[in-house]
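To start, the structure itself, in structure tokens.
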Amino acid sequence: MKALSDLNAGEKGKVKKIDAEGELKQRLFSLGLRKGSLLEVKAMSMAKSTMEIEVGTTLLALRFEEAKRIGIETL
Amino acid sequence: MNELIIALVGQPNVGKSMLINSIADARLKVGNFSGVTVEKAEVNFSAQGHSIKIVDLPGTYSLNDYTQDERVTKDFLQNEHYDLIINVVDATNLERNLYLTTQLLELGKKMIVALNMMDEAHKEGQCIDHEQLSSILGVPCVKVSAATKRGIGKLLNRAIDVSLFPLEKSKLIYSDVVEEEIGKLASFLDRKHYASRLSSREIALRLLQEDPATYRKMHEEPIWVELSSFLKEALEHLYVHYETKDVAEIFAEERAAFAKGAVVETLSCKKCTSQTLTQKIDTVLIHPVYGIPIFFFLMWSLFQLTFTLGSIPMDWIDAFFVALGNYAKTVFGEGELGSIIADGAISGVGAVVMFLPNIVILFLGIALLETTGYMARVAFLLDGFFHRFGLHGKSFIPLVTGFGCSVPAYMSARTLKNDKDRLITLFIIGFMSCGAKLPVYVLFAGAFFGQEHAGNALFAIYLAGAFIGLLAAKFLKRFVFKGADEPFVMEMPKYRLPSLKLIWHTVVSKAIMYLQKAGTFILAASLLIWFASNYPKYPDLEASFDQKIEQASNASLKVEYENEKSKVLLEKSFLGKIGKSTDWLFTPLGFDWKMTVALESGLAAKEVVVSTLGVLYALGSGVDEGNESLIAELQKQIPLASAVSFMIFVMFYLPCLAASIVFTKESGGYKYLAYLFVFTTIIAWVLAFIGYRVTLLFS
């Protein structure tokens with residue numbers, strides 16, 4: 001299983017696992033990122049510190065550290 | 001007729017502020033900072049013979065108190081009295097928005113769902129069956145568009161209707177697995193004829209959700225002995241089924257599934273996603289290479305505009321207050337009364353009101369950046385850089401605001417979730433030189449670097465302040481506010497054209513707030529400074545000077561004696577005494593007692609530094625930074641090294657009293673204000689000392 005942080009801009013994936021606890025997990029849930037969600041990586045910032053992804057109809061910005069905790073099955 | 005209280009709840013960026021504007025129209029009393037709505041705002045008006053109060057709560061993605069402003073919303077919904085919830089939903093992003101709706105349904109209050117941005121949804125080819133959605137949710141759904149004002153009247157009518165009828169229970173139904181466990185627990189409670197304010201279903205649900213209050217209550221009941229084994233069994237079932245022992249996660253999944261189901265049943269003729277415009281703009285604005293230069297260009301333009309455009313009305317306001325002061329003296333005479341009104345109140349307040357144009361332009365710019373959705377992109381771009389200094393991408397918003405005024409900057413730091421990140425940001429906001437420090441820099445840069453270099457010196461001052469701020473953040477993160485980083489998870493809202501009316505309201509309310517500060521706090525501070533520099537009185541001394549002045553042979557000698565008189569009296573005033581007793585602290589920095597007093601009076605408000613210097617260097621008060629003779633006087637009396645160290649000290653020391661009060665409130669205690677005082681004073685002192693010594697070496 002790949003981590004979300006391994007994906008490049010333009011790649012799509014399906015969330016398999018979220019390795020986060022408590023509030024962060026709730027936050028991701030309420031923004032629509034949960035097990036089974038489909039997502040697409042849209043953009044990366046310079047030096048690969050943050051990434052922009054699209055989940056459903058929402059655009060989200062994530063730090064790479066958080067993206068590492070999200071397990072992805074590439075599509 | 002009773003007042004009807006409506007709570008307006010929704011996720012961020014769903015157009016709540018715009019909706020409240022459309023509902024209340026011009027009756028709006030308080031505007032707020034779109035996207036940075038950190039306090040609840042209230043609007044009062046009457047419709048159909050009812051007096052209505054709408055409480056606009058900060059946007060929240062869910063009721064899980066993640067950030068401080070979300071806590072405001074949750075606390076209000078759970079503890080305050082209100083009659084009805086209007087849940088504002090972005091129709092173009094229905095599924096995610098309904099997640100919050102499900103949580104609101106669980107509150108068991110009267111509710112209406114406002115499907116906002118219907119016009120946009122139509123354009124995107126989306127069709128929502130709102131009647132079907134109403135029957136699924138069990139609450140009325142009304143299609144509205146705050147931008148085009150359609151459906152607003154209907155929404156208000158339904159709100160009044162719903163509030164008049166008794167509460168109908170919502171129809172939030174969970175998955176079969178959860179419903180089965182709820183059913184078992186509820187039927188047990190029914191069998192035991194357990195009587196409560198809540199229905200058996202509600203109690204069962206709350207127990208499964210591990211609601212602490214319900215547990216506490218049930219724990220004291222005799223029924224608990226039997227109930228607990230049922231409950232344990234029910235939870236075990238859920239754990240096994242969901243492969244997790246986290247009840248919060250189970251219910252989050254339940255809500256998400258409910259929202260998804262509702263969308264599937266009500267949303268039709270859906271074209272492919274239509275974020276193309278937003279995504280096209282994003283390819284430029286968050287481009288890995290051009291993104292940051294574009295941002296810097298925009299910020300540079302904003303500051304240019306703030307200072308160049310703002311200086312035009314500034315001159316008018318200045319002239320107006322000078323004229324007003326002179327007029328006051330003709331009305332109230334040259335005596336004590338005239339002096340306290342003209343030299344104390346009017347000149348003090350005028351010095352602050354003068355900066356109103358800058359403040360308005362800066363806030364206009366920031367409001368534009370915020371409402372268009374660009375701020376989120378900047379946070380995205382800068383997070384990597386900021387994170388290296390122990391800051392969060394979102395710290396950017398308060399820090400930029402800090403260049404205008406620290407007061408709103410401290411308040412906007414609330415959008416940071418993590419207390420430590422927030423405290424670090426609060427501590428360094430003061431290093432972003434605020435608008436009120438500008439006169440000091442303009443004065444000194446003009447006096448000591450010549451007109452041709454003054455601009456560069458100014459730019460260097462702002463940049464150096466920001467840079468030292470970042471280093472200070474790094475220091476605080478490493479040694480003081482240690483701890484886990486706040487995760488960076490942020491929605492990138494769609495780019496939208498802001499409503500002109502909303503921007504107008506935002507800017508006007510900011511301007512009013514600023515003027516209120518000038519009329520209350522600055523007024524009081526000015527009177528205090530006036531008093532401290534005019535008392536105690538020395539009638540004998542004054543008389544002897546007056547005699548000299550009268551006997552003076554020519555006009556210039558007269559002026560000289562006048563200046564001499566005010567200088568001597570000032571030295572003997574309370575202010576002078578304070579300065580003289582504390583100047584030993586600042587002699588290593590090359591300050592004389594006058595500079596010391598100017599700095600100390602600057603603790604009240606930074607604008608006061610310049611006017612105090614003007615008074616102290618024997619020119620009479622009412623001096624502003626453009627005054628040629630004050631510049632000449634400073635050049636004569638202050639060595640270059642002292643001037644450099646003075647500017648450095650002003651850059652870093654404690655912000656004004658008003659800002660300090662807000663800081664105390666936002667940081668959570670006077671303890672932090674004491675820390676801030678020590679922290680900023682040490683940095684200011686040490687850097688000023690270095691600046692002093694280095695300049696001495698080279699000059």
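Numbering starts fresh at 1 for the residues of each chain in the structure tokens, the chains themselves are lettered A, B, ... in the order given, and ligands are numbered from 1 as they appear.
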Exercise answer, chain B residues close to chain A, 8 Å and only C-alpha atoms, as a PyMOL selection string: chain B and resi 61-62+64+66+92-93+96+99-100+248-249+252-253+256+273+275+283+286-289+380-381+383-384+487-493
I need the residues from that last selection saved to file as an mmCIF file, in the first residue's frame (with C-alpha atoms), if you can.
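The resulting file, selection.cif, is reproduced below:
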data_model
loop_
_atom_site.group_PDB
_atom_site.id
_atom_site.type_symbol
_atom_site.label_atom_id
_atom_site.label_comp_id
_atom_site.auth_asym_id
_atom_site.auth_seq_id
_atom_site.Cartn_x
_atom_site.Cartn_y
_atom_site.Cartn_z
ATOM 1 C CA TYR B 61 -17.031 21.690 9.678
ATOM 2 C CA SER B 62 -18.440 19.605 12.500
ATOM 3 C CA ASN B 64 -16.098 18.551 17.437
ATOM 4 C CA TYR B 66 -11.360 21.507 16.706
ATOM 5 C CA THR B 92 -22.660 22.819 -4.718
ATOM 6 C CA ASN B 93 -20.974 20.748 -2.041
ATOM 7 C CA ARG B 96 -19.808 17.305 2.901
ATOM 8 C CA TYR B 99 -22.266 15.864 7.503
ATOM 9 C CA LEU B 100 -22.646 18.861 9.790
ATOM 10 C CA ALA B 248 -16.498 8.683 17.584
ATOM 11 C CA GLU B 249 -15.217 7.088 14.410
ATOM 12 C CA ALA B 252 -18.604 9.715 12.028
ATOM 13 C CA GLU B 253 -18.893 6.921 9.522
ATOM 14 C CA ALA B 256 -21.050 10.235 6.430
ATOM 15 C CA THR B 273 -17.434 18.252 -11.472
ATOM 16 C CA GLN B 275 -14.324 23.213 -10.473
ATOM 17 C CA THR B 283 -2.575 26.339 -11.710
ATOM 18 C CA ILE B 286 -0.286 28.059 -6.469
ATOM 19 C CA HIS B 287 2.246 27.294 -9.137
ATOM 20 C CA PRO B 288 5.336 25.789 -7.462
ATOM 21 C CA VAL B 289 7.604 28.413 -9.023
ATOM 22 C CA PHE B 380 -0.779 26.478 1.406
ATOM 23 C CA LEU B 381 2.214 28.155 -0.264
ATOM 24 C CA ASP B 383 3.224 26.531 5.261
ATOM 25 C CA GLY B 384 6.462 24.783 4.313
ATOM 26 C CA PRO B 487 -1.654 19.237 11.559
ATOM 27 C CA PHE B 488 -2.147 21.280 8.435
ATOM 28 C CA VAL B 489 -5.480 20.256 7.018
ATOM 29 C CA MET B 490 -7.355 23.003 5.344
ATOM 30 C CA GLU B 491 -10.109 23.436 2.830
ATOM 31 C CA MET B 492 -9.210 25.374 -0.294
ATOM 32 C CA PRO B 493 -12.479 27.133 -0.975
#
Shell around A:Leu4 at 7 Å using only C-alpha atoms, local window under 5 positions removed, as JSON, numbers by chain: {"A": [67, 68, 70, 71, 72]}
Stretch 134-225 of chain B near stretch 47-55 of chain B within 9 Å: what's each residue's closest atom pair and its distance in Å to one decimal, counting only C-alpha atoms, ordered by chain then ascending residue number, as JSON lines?
{"residue": "B:Leu156", "atom": "CA", "partner": "B:Ala47", "partner_atom": "CA", "distance": 8.4}
{"residue": "B:Asn157", "atom": "CA", "partner": "B:Gln48", "partner_atom": "CA", "distance": 8.6}
{"residue": "B:Ile160", "atom": "CA", "partner": "B:His50", "partner_atom": "CA", "distance": 8.3}
Store the residues of this selection in a file with N, CA and C atoms, as a PDB file, in the first residue's frame.
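Result written to part-v8.pdb:
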ATOM      1  N   LEU B 156     -37.332  33.124   5.402  1.00  0.00           N
ATOM      2  CA  LEU B 156     -37.732  33.817   6.619  1.00  0.00           C
ATOM      3  C   LEU B 156     -39.138  33.385   7.052  1.00  0.00           C
ATOM      4  N   ASN B 157     -40.045  33.243   6.060  1.00  0.00           N
ATOM      5  CA  ASN B 157     -41.409  32.805   6.380  1.00  0.00           C
ATOM      6  C   ASN B 157     -41.419  31.414   6.999  1.00  0.00           C
ATOM      7  N   ILE B 160     -40.229  31.465  10.550  1.00  0.00           N
ATOM      8  CA  ILE B 160     -41.227  31.936  11.511  1.00  0.00           C
ATOM      9  C   ILE B 160     -42.285  30.852  11.735  1.00  0.00           C
TER      10      ILE B 160
END
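In this model, the gap between atom CA of B:Lys192 and atom CA of B:Ile173 comes to 24.3 Å.
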Distance query B:Lys437 at most 9 Å, only C-alpha atoms, self and fewer than 5 positions along chain excluded, as an MDAnalysis selection string: chainID B and resid 442 606:607 609 650:651
Exercise: A:Thr74 partners within 9 Å, only C-alpha atoms, chain neighbours under 4 positions left out, as JSON, numbers by chain: {"A": [1, 2, 7, 11, 12, 13, 14, 15]}
Exercise: stretch 136-146 of chain B partners within 6 Å, only C-alpha atoms, chain neighbours under 3 positions left out, as a list in words: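 Once the nearby chain positions are removed, what remains is Met18, Leu19, Ser22, Ile112, Val113, Ala114, Leu115, Asn116, Met117, Met118, His130, Leu133, Lys149, Arg150, Gly151, Ser170 and Lys171 of chain B.
Here atom CA of B:Val407 is placed at a distance of 28.6 Å from atom CA of B:Gly691.
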Residue list (alpha helix (DSSP H), DSSP) for stretch 485-638 of chain B, as a PyMOL selection string: chain B and resi 500-517+523-534+539-551+555-572+574-582+593-601+607-614+628-637
Written selection (C-alpha atoms) as a tab-separated table (two decimals), in the first residue's frame:
chain	number	residue	atom	x	y	z
B	500	LEU	CA	-19.42	44.32	-2.71
B	501	LYS	CA	-21.93	44.90	0.01
B	502	LEU	CA	-20.28	42.43	2.33
B	503	ILE	CA	-16.87	43.97	1.73
B	504	TRP	CA	-18.36	47.38	2.35
B	505	HIS	CA	-19.88	46.25	5.65
B	506	THR	CA	-16.63	44.62	6.70
B	507	VAL	CA	-14.56	47.69	6.04
B	508	VAL	CA	-17.08	50.09	7.54
B	509	SER	CA	-17.36	48.09	10.74
B	510	LYS	CA	-13.57	47.94	11.02
B	511	ALA	CA	-13.39	51.69	10.53
B	512	ILE	CA	-16.04	52.24	13.19
B	513	MET	CA	-14.21	49.98	15.61
B	514	TYR	CA	-11.01	51.91	14.99
B	515	LEU	CA	-12.72	55.24	15.55
B	516	GLN	CA	-14.30	53.91	18.72
B	517	LYS	CA	-10.83	53.07	20.00
B	523	LEU	CA	-8.70	59.92	24.29
B	524	ALA	CA	-8.11	58.73	27.84
B	525	ALA	CA	-4.42	58.05	27.19
B	526	SER	CA	-3.96	61.47	25.63
B	527	LEU	CA	-5.54	63.15	28.62
B	528	LEU	CA	-3.29	61.18	30.92
B	529	ILE	CA	-0.15	62.13	29.01
B	530	TRP	CA	-1.29	65.72	28.93
B	531	PHE	CA	-1.79	65.68	32.67
B	532	ALA	CA	1.53	63.98	33.40
B	533	SER	CA	3.40	66.47	31.26
B	534	ASN	CA	1.63	69.55	32.65
B	539	PRO	CA	3.82	79.09	39.42
B	540	ASP	CA	6.98	80.89	40.49
B	541	LEU	CA	9.03	79.39	37.71
B	542	GLU	CA	6.34	80.13	35.17
B	543	ALA	CA	6.09	83.71	36.34
B	544	SER	CA	9.81	84.28	36.01
B	545	PHE	CA	9.80	82.89	32.47
B	546	ASP	CA	6.76	84.94	31.52
B	547	GLN	CA	8.58	87.99	32.68
B	548	LYS	CA	11.58	87.14	30.52
B	549	ILE	CA	9.35	86.53	27.53
B	550	GLU	CA	7.63	89.81	27.96
B	551	GLN	CA	10.91	91.66	28.18
B	555	ALA	CA	10.34	87.65	18.23
B	556	SER	CA	12.97	84.95	17.85
B	557	LEU	CA	14.22	85.50	21.37
B	558	LYS	CA	10.63	85.26	22.55
B	559	VAL	CA	10.23	81.90	20.87
B	560	GLU	CA	13.47	80.74	22.40
B	561	TYR	CA	12.28	81.66	25.88
B	562	GLU	CA	8.92	80.01	25.22
B	563	ASN	CA	10.69	76.81	24.26
B	564	GLU	CA	13.02	77.09	27.22
B	565	LYS	CA	10.04	77.51	29.52
B	566	SER	CA	8.16	74.46	28.32
B	567	LYS	CA	11.36	72.44	28.41
B	568	VAL	CA	12.14	73.29	32.01
B	569	LEU	CA	8.56	72.77	33.11
B	570	LEU	CA	8.44	69.45	31.32
B	571	GLU	CA	11.61	68.29	33.01
B	572	LYS	CA	9.96	68.98	36.33
B	574	PHE	CA	5.53	63.94	36.45
B	575	LEU	CA	6.49	62.68	33.03
B	576	GLY	CA	9.92	64.26	33.26
B	577	LYS	CA	10.45	62.80	36.70
B	578	ILE	CA	9.51	59.36	35.51
B	579	GLY	CA	11.89	59.66	32.58
B	580	LYS	CA	14.75	60.90	34.71
B	581	SER	CA	14.29	58.17	37.29
B	582	THR	CA	14.31	55.41	34.70
B	593	TRP	CA	15.84	60.99	29.46
B	594	LYS	CA	13.67	62.49	26.75
B	595	MET	CA	13.97	59.50	24.51
B	596	THR	CA	13.26	57.35	27.54
B	597	VAL	CA	10.03	59.23	28.23
B	598	ALA	CA	9.03	59.03	24.57
B	599	LEU	CA	9.49	55.28	24.66
B	600	GLU	CA	7.57	54.92	27.89
B	601	SER	CA	4.68	57.03	26.69
B	607	GLU	CA	1.60	57.33	17.91
B	608	VAL	CA	2.39	59.07	21.17
B	609	VAL	CA	6.15	58.52	20.71
B	610	VAL	CA	6.39	61.17	18.00
B	611	SER	CA	4.19	63.72	19.70
B	612	THR	CA	6.08	63.24	22.96
B	613	LEU	CA	9.42	63.72	21.20
B	614	GLY	CA	8.02	66.87	19.66
B	628	GLU	CA	11.27	70.08	9.25
B	629	SER	CA	12.38	71.73	12.44
B	630	LEU	CA	11.82	68.62	14.54
B	631	ILE	CA	14.00	66.69	12.09
B	632	ALA	CA	16.69	69.37	12.39
B	633	GLU	CA	16.38	69.37	16.15
B	634	LEU	CA	16.72	65.59	16.33
B	635	GLN	CA	19.78	65.70	14.09
B	636	LYS	CA	21.33	68.27	16.39
B	637	GLN	CA	20.50	66.64	19.69
12 Å contact set for B:Ala323, only C-alpha atoms, chain neighbours under 3 positions out, as a list in words: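 Skipping anything fewer than 3 positions along the chain leaves Trp316, Ile317, Asp318, Ala319, Phe320, Asn326, Tyr327, Ala328, Lys329, Thr330, Ala342, Ile346, Ser347, Gly350 and Gly622 of chain B.
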Shell around stretch 464-475 of chain B at 10 Å using only C-alpha atoms, local window under 2 positions removed, as a PyMOL selection string: chain B and resi 386-391+399-400+403+421+423-433+458-462+477-482+648+651-652+679-680+683+687
Point-to-point distance from atom CA of B:Ala159 to atom CA of B:Ser268, Å rounded to tenths: 26.7 Å
